[in-house]
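These notes are about the structure you will find just below.
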Amino acid sequence: MKKRWLCLFVENEIGVLARISGLFSSKSYNLDSLTVGTTEDETISRMTISIYSDDQIFEQIKKQLNRTVEVIKVIDYTDLSIYSREIMFLKIKKCTEADKTGIFRFAQVYNVKVLDFNKTTVLLECVQVENENDKVIKLLSERFDNPFEIIRGGSVAIEAV
Amino acid sequence: MDITGSELFVKALREEQVDILFGYPGGQAIDLFDALYGQRDIKVILPRHEQGLIHAADGYARSTGKVGVCLVTSGPGATNLVTGVATANYDSVPLVCFTGQVTTNLIGNDAFQEVDIVGITRNICKYAVTVRNRQDLGKIIKKAFFIARTGKPGVVVVDLPKDIQSAYGEDTYPQTIDVRGYKPSNTVHDGQIKKAIEALNQARKPLFLIGGGVNIAGAGKEMRQLAELTGMPVVTTIMGKGAIPTSHPLYVGNIGIHAGYAANAAISECDVLFSIGTRFNDRITGKTDTFAKNATLIHIDVDPASISRNIAVDIPIVADAKKAIEILLKKSNRLDCKDWLKQIMAWKEAYPLTMKSKGLTPQRIIEEINQSFQSAVVVTDVGQNQLWATQFLELDENRQLLTSGGLGTMGYGFPAAIGAKLGNPQKNVIVICGDGGMQMNIQEMATAVVHELSVIVCILNNGYLGNVRQWQEMFYHKRYSGTCLRYRKRCESDCSKPGKSCPEYTPDFIKLAESYGACGIRVTQAEEIKAALRAAINNLSAPTVIEFIIDPEENVLPIVPPGSPLSEMIMEY
Ligand SMILES: Cc1ncc(C[n+]2csc(CCOP(=O)(O)OP(=O)(O)O)c2C)c(N)n1
Ligand SMILES: [Mg+2]
């Protein structure tokens, strides 16, 4: 079992996302994250998918995606040199002044941007690879007892030049 | 010149050489039906239920190799197709199903008779699409036929909103189409073929396993030549049965959970298994880790996703069966497998497929069918009737079998036979079905009668949902729960035995047939079989129903218990 990355070029049509996610659910494939957006060609959307699976299931997933009419191309990013980034917002609540100072310092050290704050709440933005975002969450929850709210965008990835 | 969407629809069907359309109208399909009115190129058949309709289109497609075409209205018309979509797609049958839809501005509003049929069928068909712009209509219909009939064939659903049907637009229908996400393989990898031949040349016990893919590719003749050239024995799946004549000396039989001993033993013992056009469904493999465990596996399939999914393959070859076999014919040579053949034939002789009981047995009935028809399309329903048919039917290039193999849909047989007869008016078309399954689409008797289709319906009436009852007998201590079709209100809830005092069967299939204007014959003794079949053959302008009253507790044997290896067959019970 290991983490895999796929890049999909698909028709930009109504229902394509349902088709892809439906394929994963109907075959009981476990999908970690999926992002989708338009490309330089407006008739094509591009997806980045991450999956946690063994070799055999992963081969099957690629084949099933390839035979889907709406899928134009499947690229396996797992062993390619790629850049990937995930956007994540963190809203930290019930902060004291001391908490806020701590969080600002934390932000400087860990490459996290302070987007907004008020008396008791700080909003952070992190754009980095998924693992780094995981790490930020872990460190924050170790150092601060404040309740926080997270939203993660899922990774987008592109091959290195 | 501008024409309506409905007119373009009819033009497209003509260009695709559609000669029969299976249709059931309704509010959102009425324009399409209107455009079909009064013309003669495309015959419109009105079955009595949309499920019967799509099975008929399926039987037509399987028996002719052409694309079956369905046209139904939105909402309930469309949802009634669903079982048939899954049935056909599972067995790789090319169908294009047009469904009426509410106007585009109402989609999503919970309008009257609106359902998201594309969403419902997305995971059970090859491709499903809603036409949203009139200018895309021609292209989408072209794409639908192309996708349905090429590669691994399958079902395409085209949802047609009512405003698209009436909107004016161009009258052109494209001659060709390029679908960038869909490129069926039409080459054969030389290197892989070479590896396959090397493996064969080292084999002492090579075996062909032939699936439905060979029949779909129309490669029966070539397959037979390849078997004869190499001298290799052949086993088949149910869907592959008939790919080479069942009377051929190299043919061993079906494999799987109800196979003969010899075929399953050959799988367990072979050292190279060369399979073509099968997906190694659990019904044929038994316990997968013991399947062909001594063998090097070669697998040809058009669908890459069918390779190494259930059983890991050593030499995969992605190709159309016919193209690959043609190449193999040029490159293969005779193999030395005399001892191996002798061994298999010895198994076959020691453990023949046969029924112990006497009298009016399913075996006897099917053997009489074998003798009575030189050329025929035999369609089965699902259940014991199907399993007996696939055990005892003799098939060759003139005798074809249609059966719902993947989905196992009860109610498939009779309507599929109607479609087969429409596609093959000169051939005898025979249905072998159970008393349960026959009642699932019996309304199609009207369709057969009005079109004067002399389909011969052989009902093997055991008074039970026999296949399930057999499992209850063998694996559930004879707890016949919900399987008795003679049950009446007065019966005990813990019955485990049919007897003389059992209630009368309902319906009376003979009277029912007669009420439709069909002919009905009841057979209770083996001596009457021949005469009944002869009467049916002579009834040229209407269907004949022959009801065979068989032993209620007859079983299908041998059987491999669920989850067991193929070698652990129960031969007698
Ligand atoms: C639509 C559908 N419902 C249920 C089943 C499960 N099933 C498989 S065989 C069978 C019994 C069929 O009974 P019958 O048609 O009388 O045939 P027999 O087995 O007695 O020959 C049933 C209920 C099925 N295959 N298809
Ligand atoms: Mg029955």
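Following the order of the structure tokens, first chain is A, next is B, and so on, with residues numbered from 1 inside each chain and ligands from 1 in the order they appear.
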
So that I can check the surroundings of A:Gln56, please list as number ranges by chain every protein, DNA and RNA residue that reaches within 12 Å of it, counting only C-alpha atoms and ignoring chain neighbours fewer than 2 positions away. A: 1-2, 29, 52-54, 58-63; B: 305, 307-313

Residues from the last selection, C-alpha atoms, saved as a PDB file, in the first residue's frame:
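Writing done, so here's selection_5.pdb:
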```
ATOM      1  CA  MET A   1       0.000   0.000   0.000  1.00  0.00           C
ATOM      2  CA  LYS A   2       1.292   3.413  -0.859  1.00  0.00           C
ATOM      3  CA  TYR A  29     -11.643   2.389  -4.697  1.00  0.00           C
ATOM      4  CA  TYR A  52      -3.851   5.179  -1.284  1.00  0.00           C
ATOM      5  CA  SER A  53      -3.731   1.654  -2.720  1.00  0.00           C
ATOM      6  CA  ASP A  54      -1.720  -1.448  -3.530  1.00  0.00           C
ATOM      7  CA  PHE A  58      -3.842   0.951  -8.753  1.00  0.00           C
ATOM      8  CA  GLU A  59      -3.291  -0.758 -12.119  1.00  0.00           C
ATOM      9  CA  GLN A  60      -7.006  -1.525 -12.251  1.00  0.00           C
ATOM     10  CA  ILE A  61      -7.900   2.086 -11.428  1.00  0.00           C
ATOM     11  CA  LYS A  62      -5.729   3.373 -14.263  1.00  0.00           C
ATOM     12  CA  LYS A  63      -7.271   0.905 -16.705  1.00  0.00           C
TER      13      LYS A  63
ATOM     14  CA  ALA B 305      -9.285  -3.704 -17.603  1.00  0.00           C
ATOM     15  CA  ILE B 307      -6.746  -8.516 -17.859  1.00  0.00           C
ATOM     16  CA  SER B 308      -5.165  -9.418 -14.506  1.00  0.00           C
ATOM     17  CA  ARG B 309      -8.185  -8.193 -12.581  1.00  0.00           C
ATOM     18  CA  ASN B 310      -9.445 -11.426 -11.043  1.00  0.00           C
ATOM     19  CA  ILE B 311      -6.592 -13.736 -11.974  1.00  0.00           C
ATOM     20  CA  ALA B 312      -3.003 -12.580 -12.448  1.00  0.00           C
ATOM     21  CA  VAL B 313      -1.866 -13.181 -16.023  1.00  0.00           C
TER      22      VAL B 313
END
```

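Within 6 Å of chain A, counting only C-alpha atoms, chain B contributes Arg180, Gly181, Tyr182 and Ala305 of chain B.
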
Residues within 7 Å of stretch 444-455 of chain B, please, as a ChimeraX atom specification. Count only C-alpha atoms; anything in the same chain fewer than 5 positions from it doesn't count. /B:47-48,52,415,417-418,421,429-430,516-518,539-544

Can those selected residues be exported to a file as a PDB file, in the first residue's frame so that it contains N, CA and C atoms?
```pdb
ATOM      1  N   PRO B  47     -43.203  -3.436 -28.005  1.00  0.00           N
ATOM      2  CA  PRO B  47     -43.359  -4.463 -26.973  1.00  0.00           C
ATOM      3  C   PRO B  47     -44.351  -3.993 -25.913  1.00  0.00           C
ATOM      4  N   ARG B  48     -44.626  -4.830 -24.907  1.00  0.00           N
ATOM      5  CA  ARG B  48     -45.664  -4.467 -23.945  1.00  0.00           C
ATOM      6  C   ARG B  48     -45.099  -3.921 -22.646  1.00  0.00           C
ATOM      7  N   GLY B  52     -39.181  -5.657 -21.349  1.00  0.00           N
ATOM      8  CA  GLY B  52     -39.259  -6.600 -22.462  1.00  0.00           C
ATOM      9  C   GLY B  52     -38.663  -5.985 -23.719  1.00  0.00           C
ATOM     10  N   PRO B 415     -38.446 -12.291 -24.026  1.00  0.00           N
ATOM     11  CA  PRO B 415     -38.343 -11.115 -24.892  1.00  0.00           C
ATOM     12  C   PRO B 415     -37.096 -11.131 -25.780  1.00  0.00           C
ATOM     13  N   ALA B 417     -35.809 -13.670 -27.115  1.00  0.00           N
ATOM     14  CA  ALA B 417     -36.122 -14.573 -28.226  1.00  0.00           C
ATOM     15  C   ALA B 417     -36.972 -13.861 -29.275  1.00  0.00           C
ATOM     16  N   ILE B 418     -37.855 -12.985 -28.817  1.00  0.00           N
ATOM     17  CA  ILE B 418     -38.674 -12.216 -29.758  1.00  0.00           C
ATOM     18  C   ILE B 418     -37.772 -11.340 -30.629  1.00  0.00           C
ATOM     19  N   LYS B 421     -35.931 -13.547 -33.102  1.00  0.00           N
ATOM     20  CA  LYS B 421     -36.787 -13.996 -34.214  1.00  0.00           C
ATOM     21  C   LYS B 421     -36.999 -12.864 -35.218  1.00  0.00           C
ATOM     22  N   VAL B 429     -36.376 -20.234 -33.460  1.00  0.00           N
ATOM     23  CA  VAL B 429     -35.933 -19.592 -32.222  1.00  0.00           C
ATOM     24  C   VAL B 429     -36.640 -20.276 -31.054  1.00  0.00           C
ATOM     25  N   ILE B 430     -35.843 -20.801 -30.161  1.00  0.00           N
ATOM     26  CA  ILE B 430     -36.384 -21.589 -29.046  1.00  0.00           C
ATOM     27  C   ILE B 430     -35.974 -20.951 -27.729  1.00  0.00           C
ATOM     28  N   TYR B 516     -53.852 -15.401 -25.352  1.00  0.00           N
ATOM     29  CA  TYR B 516     -53.108 -14.426 -26.151  1.00  0.00           C
ATOM     30  C   TYR B 516     -53.220 -14.718 -27.652  1.00  0.00           C
ATOM     31  N   GLY B 517     -53.742 -15.920 -27.973  1.00  0.00           N
ATOM     32  CA  GLY B 517     -53.767 -16.307 -29.386  1.00  0.00           C
ATOM     33  C   GLY B 517     -52.551 -17.127 -29.773  1.00  0.00           C
ATOM     34  N   ALA B 518     -51.824 -17.608 -28.769  1.00  0.00           N
ATOM     35  CA  ALA B 518     -50.695 -18.508 -29.031  1.00  0.00           C
ATOM     36  C   ALA B 518     -51.171 -19.937 -28.834  1.00  0.00           C
ATOM     37  N   ASN B 539     -46.214 -24.885 -36.374  1.00  0.00           N
ATOM     38  CA  ASN B 539     -47.024 -23.693 -36.105  1.00  0.00           C
ATOM     39  C   ASN B 539     -46.219 -22.471 -36.543  1.00  0.00           C
ATOM     40  N   LEU B 540     -46.451 -22.046 -37.776  1.00  0.00           N
ATOM     41  CA  LEU B 540     -45.539 -21.074 -38.384  1.00  0.00           C
ATOM     42  C   LEU B 540     -45.902 -19.622 -38.134  1.00  0.00           C
ATOM     43  N   SER B 541     -47.115 -19.373 -37.669  1.00  0.00           N
ATOM     44  CA  SER B 541     -47.519 -17.967 -37.622  1.00  0.00           C
ATOM     45  C   SER B 541     -47.852 -17.469 -36.221  1.00  0.00           C
ATOM     46  N   ALA B 542     -47.532 -18.268 -35.221  1.00  0.00           N
ATOM     47  CA  ALA B 542     -47.791 -17.821 -33.845  1.00  0.00           C
ATOM     48  C   ALA B 542     -46.828 -18.534 -32.915  1.00  0.00           C
ATOM     49  N   PRO B 543     -46.592 -17.961 -31.742  1.00  0.00           N
ATOM     50  CA  PRO B 543     -45.727 -18.664 -30.792  1.00  0.00           C
ATOM     51  C   PRO B 543     -46.388 -19.933 -30.257  1.00  0.00           C
ATOM     52  N   THR B 544     -45.561 -20.883 -29.862  1.00  0.00           N
ATOM     53  CA  THR B 544     -46.060 -22.089 -29.210  1.00  0.00           C
ATOM     54  C   THR B 544     -45.420 -22.182 -27.831  1.00  0.00           C
TER      55      THR B 544
END
```

Which protein, DNA or RNA residues have an atom within 10 Å of ligand 1, counting only C-alpha atoms and all ligand atoms, as an MDAnalysis selection string? chainID B and resid 83 362 380:389 404 407:412 432:440 459:470 482:485 550 552:556

Polymer residues at most 9 Å from B:Thr187, only C-alpha atoms, same-chain spacing of 6 or more positions, as a short mmCIF file (atom, residue, chain, number, x, y, z; two decimals) with all heavy atoms, in the first residue's frame:
```
data_model
loop_
_atom_site.label_atom_id
_atom_site.label_comp_id
_atom_site.auth_asym_id
_atom_site.auth_seq_id
_atom_site.Cartn_x
_atom_site.Cartn_y
_atom_site.Cartn_z
N VAL B 318 -3.49 -7.32 -25.35
CA VAL B 318 -4.69 -6.51 -25.57
C VAL B 318 -4.98 -6.48 -27.06
O VAL B 318 -4.20 -5.93 -27.84
CB VAL B 318 -4.50 -5.07 -25.06
CG1 VAL B 318 -5.74 -4.24 -25.33
CG2 VAL B 318 -4.19 -5.08 -23.56
N ALA B 319 -6.08 -7.12 -27.47
CA ALA B 319 -6.38 -7.17 -28.90
C ALA B 319 -7.79 -7.69 -29.12
O ALA B 319 -8.37 -8.36 -28.27
CB ALA B 319 -5.40 -8.09 -29.61
N ASP B 320 -8.31 -7.38 -30.28
CA ASP B 320 -9.55 -7.99 -30.74
C ASP B 320 -9.29 -9.48 -30.97
O ASP B 320 -8.26 -9.86 -31.54
CB ASP B 320 -9.96 -7.31 -32.06
CG ASP B 320 -11.10 -8.04 -32.73
OD1 ASP B 320 -12.23 -7.95 -32.20
OD2 ASP B 320 -10.88 -8.71 -33.76
N LYS B 323 -8.62 -10.64 -34.67
CA LYS B 323 -7.32 -10.21 -35.23
C LYS B 323 -6.19 -11.03 -34.62
O LYS B 323 -5.27 -11.47 -35.32
CB LYS B 323 -7.08 -8.73 -34.92
CG LYS B 323 -7.97 -7.83 -35.76
CD LYS B 323 -7.34 -6.44 -35.91
CE LYS B 323 -8.20 -5.59 -36.83
NZ LYS B 323 -9.02 -4.63 -36.09
N ALA B 324 -6.26 -11.23 -33.30
CA ALA B 324 -5.19 -11.97 -32.63
C ALA B 324 -5.16 -13.42 -33.10
O ALA B 324 -4.09 -13.97 -33.36
CB ALA B 324 -5.37 -11.89 -31.12
#
```

Name the closest residue to B:Gly231 among the candidates B:Val155, B:Leu341, B:Ile510, B:Ile267; distances are taken between atoms, counting only C-alpha atoms.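 Looking only at the distances to B:Gly231, the closest residue turns out to be B:Leu341.
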
Find the spatial neighbours of B:Gly151, counting only C-alpha atoms, within a cut-off of 9 Å - ignore same-chain residues fewer than 3 positions away - and output them as a list in words.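 In the requested format, the answer is Ile147, Ala148, Gly154, Lys183, Pro184, Ser185, Asn186, Val302, Asp303 and Asp320 of chain B.
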
Please, could you write that set of residues out with N, CA and C atoms as a compact mmCIF listing (two decimals), in the first residue's frame?
```txt
# COMPACT_ATOMS: atom_id res chain seq x y z
N ILE B 147 -19.46 4.15 -30.41
CA ILE B 147 -19.00 3.61 -29.12
C ILE B 147 -19.69 2.28 -28.81
N ALA B 148 -20.97 2.18 -29.14
CA ALA B 148 -21.71 0.94 -28.83
C ALA B 148 -21.10 -0.25 -29.57
N GLY B 154 -21.00 -2.33 -26.09
CA GLY B 154 -21.75 -2.05 -24.87
C GLY B 154 -22.94 -1.16 -25.14
N LYS B 183 -10.29 5.30 -27.84
CA LYS B 183 -9.52 4.74 -28.96
C LYS B 183 -9.41 3.23 -28.78
N PRO B 184 -10.41 2.48 -29.27
CA PRO B 184 -10.33 1.03 -29.09
C PRO B 184 -9.09 0.48 -29.80
N SER B 185 -8.47 -0.50 -29.16
CA SER B 185 -7.23 -1.04 -29.71
C SER B 185 -7.53 -1.81 -31.00
N ASN B 186 -6.77 -1.55 -32.07
CA ASN B 186 -6.94 -2.40 -33.25
C ASN B 186 -5.62 -2.93 -33.78
N VAL B 302 -9.94 -7.55 -25.57
CA VAL B 302 -9.96 -6.17 -26.09
C VAL B 302 -9.94 -5.17 -24.98
N ASP B 303 -10.37 -5.60 -23.80
CA ASP B 303 -10.51 -4.66 -22.70
C ASP B 303 -9.34 -4.82 -21.73
N ASP B 320 -8.31 -7.38 -30.28
CA ASP B 320 -9.55 -7.99 -30.74
C ASP B 320 -9.29 -9.48 -30.97
```

Report as a PDB file with N, CA, C and O atoms, in the first residue's frame: the residues of stretch 182-276 of chain B with a DSSP assignment of strand (DSSP E), based on the backbone of this structure.
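To be explicit, this is the file written out as part00.pdb:
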```
ATOM      1  N   PRO B 206      -1.263 -27.997 -22.618  1.00  0.00           N
ATOM      2  CA  PRO B 206      -1.843 -26.691 -22.936  1.00  0.00           C
ATOM      3  C   PRO B 206      -3.364 -26.788 -23.088  1.00  0.00           C
ATOM      4  O   PRO B 206      -3.893 -27.846 -23.443  1.00  0.00           O
ATOM      5  N   LEU B 207      -4.024 -25.678 -22.801  1.00  0.00           N
ATOM      6  CA  LEU B 207      -5.493 -25.688 -22.851  1.00  0.00           C
ATOM      7  C   LEU B 207      -5.983 -24.315 -23.291  1.00  0.00           C
ATOM      8  O   LEU B 207      -5.503 -23.291 -22.804  1.00  0.00           O
ATOM      9  N   PHE B 208      -6.938 -24.305 -24.217  1.00  0.00           N
ATOM     10  CA  PHE B 208      -7.621 -23.053 -24.558  1.00  0.00           C
ATOM     11  C   PHE B 208      -8.824 -22.873 -23.647  1.00  0.00           C
ATOM     12  O   PHE B 208      -9.607 -23.816 -23.441  1.00  0.00           O
ATOM     13  N   LEU B 209      -8.981 -21.650 -23.128  1.00  0.00           N
ATOM     14  CA  LEU B 209     -10.207 -21.289 -22.414  1.00  0.00           C
ATOM     15  C   LEU B 209     -10.856 -20.151 -23.197  1.00  0.00           C
ATOM     16  O   LEU B 209     -10.295 -19.055 -23.294  1.00  0.00           O
ATOM     17  N   ILE B 210     -12.008 -20.428 -23.762  1.00  0.00           N
ATOM     18  CA  ILE B 210     -12.631 -19.469 -24.666  1.00  0.00           C
ATOM     19  C   ILE B 210     -13.861 -18.842 -24.014  1.00  0.00           C
ATOM     20  O   ILE B 210     -14.747 -19.547 -23.532  1.00  0.00           O
ATOM     21  N   VAL B 234      -9.984 -27.652 -25.904  1.00  0.00           N
ATOM     22  CA  VAL B 234     -10.669 -26.380 -25.689  1.00  0.00           C
ATOM     23  C   VAL B 234     -11.736 -26.531 -24.603  1.00  0.00           C
ATOM     24  O   VAL B 234     -12.570 -27.432 -24.671  1.00  0.00           O
ATOM     25  N   VAL B 235     -11.695 -25.643 -23.611  1.00  0.00           N
ATOM     26  CA  VAL B 235     -12.837 -25.508 -22.705  1.00  0.00           C
ATOM     27  C   VAL B 235     -13.399 -24.105 -22.909  1.00  0.00           C
ATOM     28  O   VAL B 235     -12.721 -23.233 -23.441  1.00  0.00           O
ATOM     29  N   THR B 236     -14.649 -23.921 -22.516  1.00  0.00           N
ATOM     30  CA  THR B 236     -15.273 -22.599 -22.691  1.00  0.00           C
ATOM     31  C   THR B 236     -15.958 -22.163 -21.407  1.00  0.00           C
ATOM     32  O   THR B 236     -16.235 -22.974 -20.522  1.00  0.00           O
ATOM     33  N   TYR B 251     -13.206 -30.502 -28.146  1.00  0.00           N
ATOM     34  CA  TYR B 251     -13.993 -29.737 -27.182  1.00  0.00           C
ATOM     35  C   TYR B 251     -14.252 -30.553 -25.915  1.00  0.00           C
ATOM     36  O   TYR B 251     -14.740 -31.679 -25.979  1.00  0.00           O
ATOM     37  N   VAL B 252     -13.912 -29.969 -24.776  1.00  0.00           N
ATOM     38  CA  VAL B 252     -14.055 -30.692 -23.512  1.00  0.00           C
ATOM     39  C   VAL B 252     -15.356 -30.328 -22.813  1.00  0.00           C
ATOM     40  O   VAL B 252     -16.057 -31.194 -22.285  1.00  0.00           O
ATOM     41  N   GLY B 253     -15.706 -29.050 -22.797  1.00  0.00           N
ATOM     42  CA  GLY B 253     -16.955 -28.643 -22.141  1.00  0.00           C
ATOM     43  C   GLY B 253     -16.814 -27.282 -21.496  1.00  0.00           C
ATOM     44  O   GLY B 253     -15.791 -26.606 -21.646  1.00  0.00           O
ATOM     45  N   ASN B 254     -17.867 -26.880 -20.788  1.00  0.00           N
ATOM     46  CA  ASN B 254     -17.829 -25.635 -20.013  1.00  0.00           C
ATOM     47  C   ASN B 254     -17.021 -25.845 -18.755  1.00  0.00           C
ATOM     48  O   ASN B 254     -17.057 -26.927 -18.176  1.00  0.00           O
ATOM     49  N   VAL B 272      -0.234 -24.670 -19.444  1.00  0.00           N
ATOM     50  CA  VAL B 272      -0.392 -23.359 -20.074  1.00  0.00           C
ATOM     51  C   VAL B 272      -1.882 -23.165 -20.342  1.00  0.00           C
ATOM     52  O   VAL B 272      -2.510 -23.992 -21.008  1.00  0.00           O
ATOM     53  N   LEU B 273      -2.433 -22.099 -19.793  1.00  0.00           N
ATOM     54  CA  LEU B 273      -3.842 -21.807 -20.044  1.00  0.00           C
ATOM     55  C   LEU B 273      -3.900 -20.587 -20.961  1.00  0.00           C
ATOM     56  O   LEU B 273      -3.471 -19.496 -20.586  1.00  0.00           O
ATOM     57  N   PHE B 274      -4.426 -20.814 -22.151  1.00  0.00           N
ATOM     58  CA  PHE B 274      -4.502 -19.742 -23.141  1.00  0.00           C
ATOM     59  C   PHE B 274      -5.953 -19.283 -23.218  1.00  0.00           C
ATOM     60  O   PHE B 274      -6.781 -19.949 -23.815  1.00  0.00           O
ATOM     61  N   SER B 275      -6.241 -18.165 -22.583  1.00  0.00           N
ATOM     62  CA  SER B 275      -7.645 -17.761 -22.549  1.00  0.00           C
ATOM     63  C   SER B 275      -7.869 -16.580 -23.468  1.00  0.00           C
ATOM     64  O   SER B 275      -7.017 -15.697 -23.610  1.00  0.00           O
ATOM     65  N   ILE B 276      -9.019 -16.592 -24.113  1.00  0.00           N
ATOM     66  CA  ILE B 276      -9.347 -15.541 -25.074  1.00  0.00           C
ATOM     67  C   ILE B 276     -10.759 -15.031 -24.785  1.00  0.00           C
ATOM     68  O   ILE B 276     -11.719 -15.803 -24.795  1.00  0.00           O
TER      69      ILE B 276
END
```

Proximity to A:Glu130 - best of A:Met88, A:Glu40, A:Ile51, A:Leu34, only C-alpha atoms: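 Nearest candidate to A:Glu130 out of A:Met88, A:Glu40, A:Ile51, A:Leu34: A:Met88.
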
As an NGL selection string, please: the residues near stretch 143-159 of chain A (cut-off 6 Å, only C-alpha atoms, same-chain neighbours under 3 positions excluded). :A and (33 or 35 or 48 or 82-93 or 140)

B:Val523 surroundings by only C-alpha atoms, 9 Å radius, close-in-sequence under 2 positions cut, as a PyMOL selection string: chain B and resi 360+521+525-529+532+546-549

Go ahead and dump the residues you just picked, all heavy atoms, as a compact mmCIF listing (two decimals), in the first residue's frame.
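Contents of the output file out.txt:
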```txt
# COMPACT_ATOMS: atom_id res chain seq x y z
N LEU B 360 -39.21 -37.66 -17.81
CA LEU B 360 -39.21 -36.33 -18.42
C LEU B 360 -38.18 -35.44 -17.73
O LEU B 360 -38.52 -34.56 -16.95
CB LEU B 360 -40.62 -35.72 -18.32
CG LEU B 360 -40.82 -34.39 -19.03
CD1 LEU B 360 -40.55 -34.50 -20.51
CD2 LEU B 360 -42.23 -33.87 -18.77
N ILE B 521 -49.17 -26.31 -25.32
CA ILE B 521 -49.12 -27.77 -25.22
C ILE B 521 -48.51 -28.13 -23.88
O ILE B 521 -47.45 -27.60 -23.51
CB ILE B 521 -48.22 -28.38 -26.34
CG1 ILE B 521 -48.68 -27.91 -27.72
CG2 ILE B 521 -48.19 -29.90 -26.24
CD1 ILE B 521 -47.70 -28.26 -28.84
N GLN B 525 -44.93 -36.43 -20.09
CA GLN B 525 -44.14 -37.66 -20.24
C GLN B 525 -43.12 -37.53 -21.35
O GLN B 525 -43.37 -36.85 -22.35
CB GLN B 525 -45.07 -38.82 -20.57
CG GLN B 525 -45.90 -39.17 -19.36
CD GLN B 525 -46.84 -40.31 -19.62
OE1 GLN B 525 -46.55 -41.18 -20.44
NE2 GLN B 525 -47.95 -40.29 -18.92
N ALA B 526 -42.01 -38.21 -21.17
CA ALA B 526 -40.90 -38.09 -22.13
C ALA B 526 -41.34 -38.44 -23.55
O ALA B 526 -40.88 -37.83 -24.51
CB ALA B 526 -39.75 -38.99 -21.69
N GLU B 527 -42.27 -39.40 -23.66
CA GLU B 527 -42.68 -39.85 -24.99
C GLU B 527 -43.39 -38.74 -25.77
O GLU B 527 -43.52 -38.82 -26.99
CB GLU B 527 -43.63 -41.06 -24.88
CG GLU B 527 -42.99 -42.33 -24.34
CD GLU B 527 -42.53 -42.20 -22.88
OE1 GLU B 527 -43.25 -41.55 -22.08
OE2 GLU B 527 -41.44 -42.71 -22.56
N GLU B 528 -43.86 -37.72 -25.06
CA GLU B 528 -44.62 -36.68 -25.75
C GLU B 528 -43.74 -35.53 -26.27
O GLU B 528 -44.22 -34.65 -26.97
CB GLU B 528 -45.67 -36.09 -24.79
CG GLU B 528 -46.64 -37.12 -24.25
CD GLU B 528 -47.38 -36.59 -23.00
OE1 GLU B 528 -47.12 -35.44 -22.56
OE2 GLU B 528 -48.21 -37.34 -22.47
N ILE B 529 -42.47 -35.56 -25.90
CA ILE B 529 -41.62 -34.40 -26.22
C ILE B 529 -41.54 -34.16 -27.73
O ILE B 529 -41.76 -33.05 -28.23
CB ILE B 529 -40.18 -34.58 -25.67
CG1 ILE B 529 -40.20 -34.87 -24.17
CG2 ILE B 529 -39.36 -33.32 -25.95
CD1 ILE B 529 -38.83 -35.23 -23.61
N ALA B 532 -44.60 -32.80 -29.42
CA ALA B 532 -44.86 -31.40 -29.04
C ALA B 532 -43.95 -30.47 -29.82
O ALA B 532 -44.39 -29.44 -30.35
CB ALA B 532 -44.66 -31.24 -27.54
N ILE B 546 -44.70 -24.69 -24.84
CA ILE B 546 -44.74 -26.08 -24.38
C ILE B 546 -44.36 -26.07 -22.91
O ILE B 546 -43.26 -25.65 -22.53
CB ILE B 546 -43.76 -26.98 -25.16
CG1 ILE B 546 -43.92 -26.76 -26.67
CG2 ILE B 546 -43.98 -28.43 -24.78
CD1 ILE B 546 -42.92 -27.55 -27.50
N GLU B 547 -45.31 -26.52 -22.09
CA GLU B 547 -45.04 -26.57 -20.66
C GLU B 547 -44.64 -27.99 -20.29
O GLU B 547 -45.44 -28.91 -20.41
CB GLU B 547 -46.28 -26.14 -19.87
CG GLU B 547 -46.03 -26.10 -18.38
CD GLU B 547 -47.30 -25.93 -17.55
OE1 GLU B 547 -48.39 -26.21 -18.08
OE2 GLU B 547 -47.20 -25.54 -16.38
N PHE B 548 -43.40 -28.16 -19.86
CA PHE B 548 -42.92 -29.48 -19.45
C PHE B 548 -43.03 -29.57 -17.93
O PHE B 548 -42.42 -28.77 -17.21
CB PHE B 548 -41.46 -29.67 -19.86
CG PHE B 548 -41.23 -29.66 -21.35
CD1 PHE B 548 -40.88 -28.49 -22.01
CD2 PHE B 548 -41.36 -30.83 -22.09
CE1 PHE B 548 -40.67 -28.48 -23.38
CE2 PHE B 548 -41.14 -30.83 -23.46
CZ PHE B 548 -40.80 -29.65 -24.12
N ILE B 549 -43.81 -30.53 -17.46
CA ILE B 549 -43.96 -30.68 -16.01
C ILE B 549 -42.82 -31.59 -15.53
O ILE B 549 -42.84 -32.80 -15.76
CB ILE B 549 -45.32 -31.31 -15.65
CG1 ILE B 549 -46.47 -30.54 -16.33
CG2 ILE B 549 -45.50 -31.38 -14.14
CD1 ILE B 549 -46.64 -29.11 -15.87
```
